[in-house]
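One file, model_26.txt, carrying compact mmCIF, C-alpha atoms:
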```
# COMPACT_ATOMS: atom_id res chain seq x y z
CA MET A 1 -1.14 -22.92 -23.15
CA ARG A 2 -0.68 -19.81 -25.30
CA LEU A 3 -1.80 -16.52 -23.76
CA VAL A 4 -3.52 -13.84 -25.82
CA PRO A 5 -1.38 -10.65 -25.95
CA SER A 6 -4.26 -8.54 -24.65
CA ARG A 7 -4.65 -10.86 -21.67
CA VAL A 8 -0.92 -10.69 -20.96
CA LEU A 9 -1.09 -6.89 -21.12
CA ALA A 10 -4.10 -6.87 -18.79
CA ARG A 11 -2.27 -9.04 -16.26
CA TRP A 12 0.81 -6.84 -16.45
CA LEU A 13 -1.28 -3.70 -15.89
CA LYS A 14 -3.03 -5.37 -12.97
CA ARG A 15 0.32 -6.13 -11.34
CA GLN A 16 1.43 -2.52 -11.81
CA MET A 17 -1.69 -1.04 -10.28
CA PRO A 18 -1.50 0.25 -6.67
CA LYS A 19 -2.56 -2.31 -4.08
CA THR A 20 -3.84 0.12 -1.43
CA LEU A 21 -7.16 1.98 -1.44
CA PHE A 22 -5.28 5.27 -1.09
CA GLY A 23 -3.14 4.56 -4.14
CA ARG A 24 -6.06 3.44 -6.27
CA SER A 25 -8.26 6.38 -5.24
CA LEU A 26 -5.43 8.78 -5.97
CA LEU A 27 -4.90 7.16 -9.36
CA ILE A 28 -8.62 7.44 -10.18
CA ILE A 29 -8.59 11.18 -9.45
CA VAL A 30 -5.11 12.27 -10.50
CA LEU A 31 -4.78 10.25 -13.71
CA PRO A 32 -7.80 11.86 -15.48
CA VAL A 33 -6.67 15.33 -14.33
CA ALA A 34 -3.15 14.72 -15.61
CA LEU A 35 -4.44 13.33 -18.92
CA MET A 36 -6.74 16.33 -19.31
CA GLN A 37 -3.90 18.76 -18.62
CA ILE A 38 -1.66 16.98 -21.11
CA ALA A 39 -4.41 16.96 -23.74
CA VAL A 40 -5.17 20.66 -23.21
CA THR A 41 -1.49 21.56 -23.38
CA TRP A 42 -1.00 19.51 -26.54
CA ILE A 43 -4.05 21.07 -28.20
CA PHE A 44 -2.87 24.52 -27.18
CA PHE A 45 0.57 24.08 -28.70
CA ASP A 46 -0.68 22.28 -31.77
CA ALA A 47 -3.71 24.40 -32.59
CA HIS A 48 -2.90 27.78 -31.08
CA TRP A 49 0.72 28.39 -30.19
CA GLN A 50 2.15 26.98 -33.41
CA THR A 51 -0.48 28.78 -35.47
CA VAL A 52 0.25 32.10 -33.81
CA THR A 53 4.00 31.52 -34.18
CA SER A 54 3.56 30.74 -37.89
CA ARG A 55 1.56 33.95 -38.43
CA LEU A 56 4.13 36.04 -36.57
CA SER A 57 6.99 34.44 -38.51
CA GLU A 58 5.21 35.12 -41.81
CA GLY A 59 4.67 38.76 -40.82
CA LEU A 60 8.31 39.19 -39.84
CA ALA A 61 9.46 37.50 -43.05
CA GLY A 62 7.25 39.86 -45.05
CA ASP A 63 8.78 42.94 -43.36
CA ILE A 64 12.31 41.64 -44.02
CA ALA A 65 11.42 40.92 -47.66
CA TRP A 66 10.11 44.52 -47.98
CA ALA A 67 13.36 45.86 -46.51
CA VAL A 68 15.50 43.76 -48.89
CA GLU A 69 13.43 44.80 -51.93
CA SER A 70 13.50 48.48 -50.91
CA TYR A 71 17.28 48.35 -50.53
CA GLY A 72 17.55 46.66 -53.93
CA ASP A 73 15.54 49.44 -55.55
CA ASP A 74 17.75 52.17 -54.07
CA PRO A 75 21.01 50.94 -52.48
CA GLY A 76 22.28 54.43 -51.72
CA PRO A 77 23.37 55.43 -48.18
CA GLU A 78 20.66 58.06 -47.77
CA ALA A 79 17.91 55.70 -48.91
CA PHE A 80 19.18 52.98 -46.56
CA ALA A 81 19.20 55.45 -43.66
CA ARG A 82 15.57 56.33 -44.35
CA LEU A 83 14.76 52.64 -44.69
CA SER A 84 16.44 51.80 -41.38
CA GLU A 85 14.69 54.68 -39.57
CA ARG A 86 11.29 53.70 -40.94
CA ALA A 87 11.79 50.02 -40.00
CA GLU A 88 12.81 51.02 -36.47
CA GLU A 89 9.83 53.33 -35.91
CA SER A 90 7.07 51.34 -37.65
CA MET A 91 8.15 47.71 -37.31
CA GLY A 92 10.52 47.61 -34.34
CA LEU A 93 13.32 46.20 -36.52
CA SER A 94 16.97 47.15 -36.17
CA ILE A 95 18.50 46.99 -39.66
CA ALA A 96 22.21 47.36 -40.32
CA LEU A 97 24.27 46.98 -43.49
CA GLN A 98 27.54 45.00 -43.28
CA PRO A 99 29.50 45.72 -46.51
CA GLY A 100 31.89 43.04 -47.67
CA ARG A 101 30.59 40.44 -45.17
CA LYS A 102 29.32 36.95 -45.93
CA LEU A 103 26.68 34.80 -44.34
CA PRO A 104 27.89 32.45 -41.56
CA ALA A 105 28.72 28.96 -42.78
CA ARG A 106 26.44 27.16 -40.32
CA ARG A 107 23.67 27.87 -37.88
CA ARG A 108 24.30 27.92 -34.13
CA ASP A 109 22.72 24.88 -32.41
CA PRO A 110 20.61 25.49 -29.28
CA PRO A 111 21.45 23.74 -25.98
CA ALA A 112 20.32 20.11 -25.91
CA ALA A 113 17.89 20.77 -23.07
CA LEU A 114 16.19 23.60 -25.02
CA GLU A 115 16.24 21.96 -28.43
CA PRO A 116 12.62 20.64 -28.21
CA PHE A 117 11.49 24.21 -27.52
CA PHE A 118 13.50 25.98 -30.24
CA ALA A 119 13.03 23.38 -32.99
CA PRO A 120 9.39 24.33 -33.80
CA ILE A 121 10.36 28.03 -33.78
CA ASP A 122 13.24 27.49 -36.18
CA ARG A 123 11.11 25.41 -38.52
CA SER A 124 8.33 28.00 -38.56
CA LEU A 125 10.71 30.92 -39.21
CA GLU A 126 12.62 29.00 -41.86
CA ARG A 127 9.43 28.19 -43.77
CA ALA A 128 8.35 31.82 -43.66
CA LEU A 129 11.74 33.20 -44.83
CA GLU A 130 12.02 30.60 -47.56
CA ALA A 131 8.61 31.55 -48.88
CA ARG A 132 9.25 35.33 -48.87
CA LEU A 133 12.96 35.69 -49.71
CA ASP A 134 14.72 34.84 -52.95
CA ALA A 135 18.18 35.76 -51.63
CA PRO A 136 20.28 33.51 -49.35
CA TYR A 137 19.64 34.05 -45.65
CA TRP A 138 20.78 32.94 -42.19
CA PHE A 139 19.17 33.33 -38.76
CA ASP A 140 19.83 32.54 -35.12
CA THR A 141 17.10 32.35 -32.47
CA THR A 142 19.31 31.34 -29.52
CA ARG A 143 22.14 33.88 -29.21
CA TYR A 144 20.21 36.87 -27.83
CA PRO A 145 17.55 36.47 -25.13
CA ALA A 146 15.30 39.27 -26.44
CA TYR A 147 16.09 39.31 -30.17
CA VAL A 148 16.23 37.12 -33.25
CA ASP A 149 19.27 37.64 -35.51
CA ILE A 150 18.39 37.40 -39.22
CA ARG A 151 20.91 38.06 -42.02
CA VAL A 152 20.20 38.28 -45.73
CA ALA A 153 22.76 38.37 -48.55
CA VAL A 154 22.45 41.63 -50.56
CA PRO A 155 24.62 43.10 -53.31
CA GLY A 156 27.90 44.24 -51.73
CA GLY A 157 27.46 42.55 -48.33
CA VAL A 158 24.96 41.39 -45.76
CA MET A 159 21.85 43.07 -44.37
CA ARG A 160 21.51 42.22 -40.65
CA VAL A 161 18.11 42.49 -38.99
CA LEU A 162 17.60 42.25 -35.21
CA ALA A 163 13.91 41.63 -34.52
CA PRO A 164 12.26 41.43 -31.08
CA ARG A 165 11.48 37.83 -30.16
CA GLU A 166 7.76 38.58 -29.86
CA ARG A 167 7.79 39.54 -33.55
CA ALA A 168 8.92 35.99 -34.46
CA PHE A 169 6.88 33.79 -32.17
CA ALA A 170 4.48 33.78 -29.22
CA THR A 171 6.68 34.23 -26.15
CA GLN A 172 4.00 33.56 -23.50
CA GLY A 173 3.56 29.84 -24.22
CA HIS A 174 5.77 28.77 -21.33
CA ILE A 175 3.61 30.85 -18.96
CA PHE A 176 0.61 28.79 -20.01
CA VAL A 177 2.52 25.55 -19.43
CA LEU A 178 3.66 26.84 -16.02
CA TRP A 179 0.11 27.65 -14.94
CA MET A 180 -1.12 24.28 -16.15
CA THR A 181 1.64 22.55 -14.16
CA LEU A 182 0.87 24.57 -11.04
CA ALA A 183 -2.82 23.79 -11.40
CA THR A 184 -2.07 20.07 -11.71
CA VAL A 185 0.16 20.14 -8.62
CA LEU A 186 -2.46 22.07 -6.64
CA LEU A 187 -5.29 19.75 -7.62
CA THR A 188 -3.13 16.72 -6.84
CA GLY A 189 -2.30 18.11 -3.40
CA ILE A 190 -5.96 18.77 -2.62
CA ALA A 191 -6.87 15.27 -3.82
CA ILE A 192 -4.17 13.71 -1.61
CA VAL A 193 -5.47 15.55 1.47
CA PHE A 194 -9.10 14.55 0.93
CA ILE A 195 -8.32 10.95 -0.04
CA ARG A 196 -5.97 10.59 2.93
CA ASN A 197 -8.75 11.68 5.30
CA GLN A 198 -11.22 9.21 3.78
CA VAL A 199 -8.75 6.32 3.82
CA ARG A 200 -7.76 7.10 7.41
CA ALA A 201 -11.36 6.50 8.50
CA ILE A 202 -11.34 3.09 6.81
CA GLU A 203 -7.96 2.28 8.39
CA ARG A 204 -9.38 3.12 11.84
CA LEU A 205 -12.29 0.79 11.20
CA ALA A 206 -9.96 -2.00 10.01
CA ASN A 207 -7.68 -1.54 13.03
CA ALA A 208 -10.64 -1.65 15.41
CA ALA A 209 -11.97 -4.82 13.77
CA GLU A 210 -8.52 -6.44 13.89
CA ALA A 211 -8.08 -5.50 17.54
CA PHE A 212 -11.51 -6.90 18.41
CA GLY A 213 -10.63 -10.10 16.55
CA ARG A 214 -7.56 -10.42 18.79
CA GLY A 215 -9.65 -9.93 21.89
CA THR A 216 -8.50 -6.35 22.56
CA ASP A 217 -11.19 -3.77 23.16
CA VAL A 218 -11.04 -0.32 21.50
CA PRO A 219 -13.21 1.80 23.80
CA TYR A 220 -12.47 5.14 22.11
CA PHE A 221 -13.32 4.07 18.57
CA LYS A 222 -15.79 6.47 16.93
CA PRO A 223 -17.15 6.51 13.38
CA HIS A 224 -15.41 8.97 11.05
CA GLY A 225 -15.32 9.72 7.35
CA ALA A 226 -17.94 9.57 4.63
CA ARG A 227 -21.53 8.46 5.21
CA GLU A 228 -20.89 4.93 3.91
CA VAL A 229 -17.79 4.51 6.08
CA ARG A 230 -19.64 5.80 9.15
CA ARG A 231 -22.47 3.42 8.40
CA ALA A 232 -20.01 0.51 8.25
CA ALA A 233 -18.43 1.69 11.51
CA HIS A 234 -21.82 1.82 13.24
CA ALA A 235 -22.57 -1.67 11.92
CA PHE A 236 -19.25 -2.88 13.33
CA ILE A 237 -19.98 -1.33 16.73
CA ASP A 238 -23.41 -2.99 16.80
CA MET A 239 -21.92 -6.32 15.74
CA ARG A 240 -19.21 -6.03 18.39
CA SER A 241 -21.84 -5.35 21.04
CA ARG A 242 -23.93 -8.35 19.95
CA ILE A 243 -20.92 -10.66 19.95
CA GLN A 244 -19.80 -9.39 23.34
CA ARG A 245 -23.30 -9.89 24.76
CA HIS A 246 -23.33 -13.42 23.35
CA ILE A 247 -19.94 -14.17 24.91
CA ASP A 248 -21.02 -12.71 28.25
CA GLN A 249 -24.26 -14.69 28.21
CA ARG A 250 -22.43 -17.90 27.32
CA THR A 251 -19.86 -17.35 30.05
CA THR A 252 -22.53 -16.48 32.60
CA LEU A 253 -24.57 -19.54 31.66
CA LEU A 254 -21.59 -21.87 31.90
CA ALA A 255 -20.51 -20.27 35.17
CA ALA A 256 -24.00 -20.72 36.58
CA VAL A 257 -24.17 -24.32 35.41
CA SER A 258 -20.70 -24.94 36.83
CA HIS A 259 -21.69 -23.41 40.17
CA ASP A 260 -24.91 -25.38 40.31
CA LEU A 261 -23.14 -28.63 39.51
CA ARG A 262 -20.28 -28.03 41.94
CA THR A 263 -22.65 -27.95 44.91
CA PRO A 264 -23.97 -31.53 44.53
CA LEU A 265 -20.48 -32.67 43.46
CA THR A 266 -19.04 -31.26 46.67
CA ARG A 267 -21.72 -33.06 48.74
CA LEU A 268 -20.99 -36.33 46.93
CA LYS A 269 -17.24 -35.91 47.49
CA LEU A 270 -17.89 -35.25 51.18
CA GLU A 271 -20.13 -38.32 51.49
CA LEU A 272 -17.56 -40.49 49.69
CA ALA A 273 -14.82 -39.16 51.98
CA LEU A 274 -16.86 -40.21 55.01
CA ALA A 275 -17.81 -43.59 53.56
CA GLU A 276 -15.90 -46.79 54.24
CA PRO A 277 -13.04 -47.26 51.75
CA SER A 278 -13.83 -49.84 49.09
CA ALA A 279 -13.39 -50.54 45.40
CA ARG A 280 -16.84 -49.07 44.70
CA THR A 281 -16.11 -45.78 46.51
CA ALA A 282 -12.75 -45.50 44.74
CA ALA A 283 -14.47 -45.88 41.35
CA MET A 284 -17.04 -43.29 42.36
CA LYS A 285 -14.29 -40.86 43.39
CA THR A 286 -12.68 -41.36 39.97
CA ASP A 287 -15.98 -40.59 38.23
CA LEU A 288 -16.47 -37.46 40.33
CA ALA A 289 -12.93 -36.23 39.53
CA GLU A 290 -13.58 -36.74 35.81
CA MET A 291 -16.89 -34.88 36.03
CA GLU A 292 -15.19 -31.99 37.82
CA HIS A 293 -12.46 -31.90 35.16
CA MET A 294 -15.09 -31.82 32.39
CA ILE A 295 -16.85 -28.90 34.03
CA ASP A 296 -13.56 -26.97 34.26
CA GLU A 297 -12.79 -27.56 30.57
CA TYR A 298 -16.29 -26.57 29.45
CA LEU A 299 -16.04 -23.33 31.40
CA ALA A 300 -12.52 -22.57 30.09
CA PHE A 301 -13.66 -23.19 26.52
CA ALA A 302 -16.65 -20.86 26.91
CA ARG A 303 -14.69 -18.14 28.73
CA GLY A 304 -11.71 -18.06 26.35
CA GLU A 305 -9.61 -15.93 28.70
CA GLY A 306 -10.84 -12.90 26.75
CA GLY A 307 -10.70 -10.39 29.60
CA GLU A 308 -6.98 -10.70 30.30
CA ALA A 309 -4.70 -7.77 29.51
CA VAL A 310 -1.95 -8.06 26.91
CA GLU A 311 1.60 -8.06 28.30
CA THR A 312 5.12 -8.45 26.94
CA VAL A 313 6.45 -11.76 28.25
CA ARG A 314 9.56 -13.85 27.75
CA LEU A 315 8.50 -16.99 25.95
CA ARG A 316 11.35 -19.00 27.46
CA ASP A 317 9.99 -18.44 30.99
CA LEU A 318 6.47 -19.37 29.90
CA LEU A 319 7.65 -22.52 28.14
CA ASP A 320 9.74 -23.49 31.16
CA GLU A 321 6.63 -23.50 33.34
CA VAL A 322 4.61 -25.51 30.82
CA SER A 323 7.43 -28.01 30.22
CA GLU A 324 8.01 -28.45 33.96
CA GLY A 325 4.35 -29.30 34.42
CA ALA A 326 4.59 -31.96 31.71
CA ARG A 327 7.78 -33.37 33.26
CA ARG A 328 6.06 -33.70 36.60
CA ALA A 329 3.40 -35.71 34.80
CA GLY A 330 6.11 -38.15 33.66
CA ALA A 331 6.92 -36.87 30.13
CA ALA A 332 10.43 -36.37 28.72
CA VAL A 333 10.30 -32.79 27.45
CA GLY A 334 13.12 -31.00 25.59
CA LEU A 335 13.08 -27.20 25.26
CA GLU A 336 14.84 -24.94 22.76
CA ALA A 337 14.15 -21.21 22.93
CA ASP A 338 16.10 -17.97 23.04
CA ALA A 339 16.05 -16.43 26.50
CA GLU A 340 15.49 -12.94 25.01
CA LEU A 341 12.60 -13.89 22.72
CA THR A 342 9.47 -11.94 23.73
CA ALA A 343 5.90 -11.59 22.52
CA ASN A 344 2.89 -9.38 23.33
CA VAL A 345 0.33 -11.90 24.59
CA ARG A 346 -2.19 -12.63 27.32
CA PRO A 347 0.06 -14.76 29.54
CA ASN A 348 -2.52 -16.98 31.23
CA ALA A 349 -4.41 -17.67 28.01
CA LEU A 350 -1.24 -18.52 26.09
CA LYS A 351 0.03 -20.65 28.96
CA ARG A 352 -3.20 -22.64 28.90
CA ALA A 353 -2.95 -23.12 25.13
CA LEU A 354 0.68 -24.25 25.34
CA SER A 355 -0.11 -26.52 28.26
CA ASN A 356 -2.85 -28.18 26.21
CA LEU A 357 -0.48 -28.72 23.29
CA VAL A 358 2.41 -30.04 25.41
CA MET A 359 0.22 -32.25 27.59
CA ASN A 360 -1.57 -33.58 24.52
CA ALA A 361 1.84 -34.48 23.03
CA ALA A 362 2.98 -36.02 26.35
CA VAL A 363 -0.13 -38.21 26.58
CA HIS A 364 0.32 -39.67 23.10
CA GLY A 365 4.13 -39.85 22.94
CA GLU A 366 7.09 -40.66 25.12
CA HIS A 367 9.32 -37.78 24.00
CA VAL A 368 8.24 -34.18 23.44
CA GLN A 369 10.34 -31.43 21.88
CA VAL A 370 9.31 -27.76 22.30
CA ALA A 371 10.98 -24.94 20.33
CA ALA A 372 10.28 -21.20 19.99
CA ARG A 373 11.82 -19.03 17.28
CA PRO A 374 11.13 -15.75 15.45
CA ARG A 375 9.53 -15.89 12.02
CA PRO A 376 11.24 -14.23 9.02
CA SER A 377 8.01 -12.42 8.13
CA GLY A 378 7.54 -11.12 11.68
CA GLY A 379 6.13 -12.58 14.87
CA VAL A 380 7.09 -15.84 16.53
CA GLU A 381 6.19 -19.49 16.24
CA ILE A 382 6.19 -22.22 18.89
CA VAL A 383 6.61 -25.80 17.69
CA VAL A 384 5.59 -28.85 19.74
CA ASP A 385 6.75 -32.26 18.41
CA ASP A 386 6.03 -35.73 19.76
CA ASP A 387 6.89 -39.30 18.78
CA GLY A 388 3.37 -40.67 19.17
CA PRO A 389 1.17 -42.35 16.54
CA GLY A 390 0.27 -39.01 14.95
CA ILE A 391 -2.88 -38.04 13.05
CA PRO A 392 -3.66 -38.70 9.37
CA ALA A 393 -3.29 -35.54 7.28
CA ASP A 394 -6.93 -35.63 6.19
CA GLN A 395 -8.04 -35.41 9.84
CA TYR A 396 -5.99 -32.41 10.93
CA GLU A 397 -8.98 -30.05 10.86
CA GLU A 398 -11.19 -32.63 12.58
CA ALA A 399 -8.77 -32.61 15.53
CA PHE A 400 -9.58 -28.94 16.20
CA LYS A 401 -13.33 -29.45 16.43
CA ALA A 402 -14.76 -29.17 19.91
CA PHE A 403 -15.48 -32.51 21.59
CA GLY A 404 -13.77 -34.35 18.73
CA ARG A 405 -12.04 -37.64 19.63
CA LEU A 406 -9.72 -39.25 17.08
CA ASP A 407 -9.69 -42.70 18.71
CA GLU A 408 -8.60 -44.47 15.55
CA SER A 409 -5.24 -42.72 15.29
CA ARG A 410 -4.39 -41.65 18.85
CA ASN A 411 -5.06 -43.34 22.16
CA GLN A 412 -8.05 -41.87 23.93
CA ASN A 413 -7.28 -39.60 26.82
CA THR A 414 -9.63 -40.93 29.43
CA LYS A 415 -9.55 -37.66 31.33
CA GLY A 416 -10.10 -35.33 28.35
CA VAL A 417 -13.27 -34.30 26.61
CA GLY A 418 -11.83 -33.30 23.22
CA LEU A 419 -11.40 -29.56 23.94
CA GLY A 420 -7.60 -29.28 24.26
CA LEU A 421 -6.79 -28.40 20.65
CA ALA A 422 -10.00 -26.41 20.26
CA ILE A 423 -9.09 -24.21 23.24
CA ALA A 424 -5.50 -23.85 22.01
CA ARG A 425 -6.58 -22.73 18.53
CA ASP A 426 -9.19 -20.39 20.03
CA VAL A 427 -6.46 -18.73 22.12
CA ALA A 428 -4.07 -18.51 19.14
CA ARG A 429 -6.69 -16.93 16.90
CA GLY A 430 -7.66 -14.61 19.73
CA HIS A 431 -4.09 -13.29 19.54
CA GLY A 432 -4.34 -12.87 15.75
CA GLY A 433 -2.40 -16.07 15.02
CA ASP A 434 -3.28 -19.71 14.41
CA ILE A 435 -2.26 -23.31 15.04
CA LEU A 436 -1.30 -25.70 12.25
CA LEU A 437 -0.71 -29.43 12.41
CA ASP A 438 1.88 -31.39 10.44
CA ARG A 439 3.97 -34.54 10.51
CA SER A 440 6.70 -34.37 13.15
CA PRO A 441 10.33 -35.28 12.45
CA LEU A 442 10.09 -37.41 15.58
CA GLY A 443 7.49 -39.56 13.84
CA GLY A 444 4.37 -38.27 15.58
CA LEU A 445 2.43 -35.01 15.39
CA ARG A 446 3.79 -31.48 15.07
CA ALA A 447 1.72 -28.54 16.34
CA VAL A 448 2.88 -25.07 15.24
CA LEU A 449 1.45 -22.09 17.15
CA ARG A 450 2.09 -18.83 15.29
CA LEU A 451 1.72 -15.39 16.83
CA PRO A 452 1.86 -12.08 14.94
CA GLY A 453 4.51 -9.46 15.61
```

Rewrite the coordinates I just gave you, this time as structure tokens.
Amino acid sequence: MRLVPSRVLARWLKRQMPKTLFGRSLLIIVLPVALMQIAVTWIFFDAHWQTVTSRLSEGLAGDIAWAVESYGDDPGPEAFARLSERAEESMGLSIALQPGRKLPARRRDPPAALEPFFAPIDRSLERALEARLDAPYWFDTTRYPAYVDIRVAVPGGVMRVLAPRERAFATQGHIFVLWMTLATVLLTGIAIVFIRNQVRAIERLANAAEAFGRGTDVPYFKPHGAREVRRAAHAFIDMRSRIQRHIDQRTTLLAAVSHDLRTPLTRLKLELALAEPSARTAAMKTDLAEMEHMIDEYLAFARGEGGEAVETVRLRDLLDEVSEGARRAGAAVGLEADAELTANVRPNALKRALSNLVMNAAVHGEHVQVAARPRPSGGVEIVVDDDGPGIPADQYEEAFKAFGRLDESRNQNTKGVGLGLAIARDVARGHGGDILLDRSPLGGLRAVLRLPG
């Protein structure tokens, strides 16, 4: 497929553009100001400074032409003295006669750094002298800081004229450029301060939303910035309050239901404990244990361990506890983790998520391998592999749905209710991470729990 050049240019410009709001806002403000300053400076030099310089050069060339013609009419010493005195008093020119001298062979070149500045001056003065003088001439605009050295060939020698620089060109042009540069720097500084304050308000809002998404409360967050940003912040605070009320109501409802159901379950367990042992009572005890387990999982799923404080924990210690629990249940669990690897997590919530992943792997496979390692991009990841039947790739997302049971691909856990992976992913996302499923090198399922740095 052949790309249109304009489209290629547009894509290249898009890649070069700043990615942050601060950079783009600064570009929107500073770029037009800089372009305006450049345009004004260019117009000034092109339409004003060069015009004034040309007029001054023409005036100076006319005075020099008058001096050369006057000397040609009367080359005597007394006449030249009067000519020199008149030029000094009326025109500010210092004229001297150098008998027997010749014009220099070549013109002195300005320094390379100043050449762009002197080139227009030299061209303007050369045009003016060429138009007014018939005799050979030579000039130098770089040797003396305050004067321009102009020499004209006259009969018997050279007439040397030292003219003030302001007679040859406008000397205040650099002051204009300096003020324009200072104005641009000042405006850019003011723009940076104001844009930084506006972007900081948006960053506070983004940080508060990210912290709330991880389950961390930001009690001191207050709206700042422009009206639109404050409005978005108030909307976030209202949304956070509604979500928190919904979570509290859900947790309270499940807790109440759990409490109400535990009372009759306790009475039934007591009656079964007092009843004569039989196959029927044993089956009833099994049913009651399963019902109690379901109630616990429903409540854990609704609660989400959201109120637990974040701590820095050693992942190796946490994984040791989880793996030991799976070993006691009869699974062969291997563990690979650096003893110094740490993460900022809610320990009980993460332990529950890891326990669900490891126990899920132990139920469906004979061998389980657990590994924790840092990620190159930051954060850590915990990998749980098993050698069970696995899950088809097109059903990975279905496995995370609450109450989902993938009976076709994995043996049904008679004690579970399909909340293990849902709870684990809920915990991972509550920490700002996620859980992904993949094919395990052991032949079964691989669960990868990623946590941010």

So that I can check the surroundings of Ser54 of chain A, please list as a list in words every protein, DNA and RNA residue that reaches within 9 Å of it, counting all atoms listed in the file and ignoring chain neighbours fewer than 5 positions away.
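Returned residues: Trp49, Gly59, Ile121, Ser124, Leu125, Arg127, Ala128, Ala168 and Phe169 of chain A.
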
Name the closest residue to Leu56 of chain A among the candidates A:Leu129, A:Leu178, A:Ile243, A:Ala353; distances are taken between atoms, counting all atoms listed in the file.
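Closest candidate: A:Leu129.
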
Calculate how many Å separate atom CA of His431 of chain A from atom CA of Pro452 of chain A, rounding to one decimal.
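Atom CA of Pro452 of chain A lies 7.6 Å from atom CA of His431 of chain A.
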
Any idea what the distance is between atom CA of Val218 of chain A and atom CA of Ala428 of chain A?
19.6 Å

Using only C-alpha atoms, what table do you get, as a tab-separated table, when you list each residue of segment 135-195 of chain A with an atom no more than 9 Å from segment 60-84 of chain A, its nearest pair of atoms, and their distance in Å rounded to one decimal, rows by chain then rising number?
```
residue	atom	partner	partner_atom	distance
A:Ala135	CA	A:Val68	CA	8.9
A:Ile150	CA	A:Ile64	CA	8.8
A:Val152	CA	A:Val68	CA	7.9
A:Val154	CA	A:Val68	CA	7.5
A:Pro155	CA	A:Gly72	CA	7.9
A:Met159	CA	A:Val68	CA	7.8
A:Val161	CA	A:Ile64	CA	7.7
A:Ala163	CA	A:Leu60	CA	8.1
A:Arg167	CA	A:Leu60	CA	6.3
A:Ala168	CA	A:Leu60	CA	6.3
```

Mind pulling up the distance from atom CA of Gly225 of chain A to atom CA of Val199 of chain A?
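Atom CA of Gly225 of chain A lies 8.2 Å from atom CA of Val199 of chain A.
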
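The list of residues with at least one atom within 12 Å of segment 41-43 of chain A, based on all atoms listed in the file and without residues fewer than 6 positions apart in the same chain, reads A:Ala34, A:Leu35, A:Trp49, A:Gln50, A:Thr51, A:Gly173, A:His174, A:Ile175, A:Phe176, A:Val177, A:Leu178, A:Trp179, A:Met180, A:Thr181, A:Thr184.
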
Neighbour list for Ala232 of chain A as a count of residues only, cut-off 9 Å, only C-alpha atoms, skip fewer than 5 positions in-chain:
4
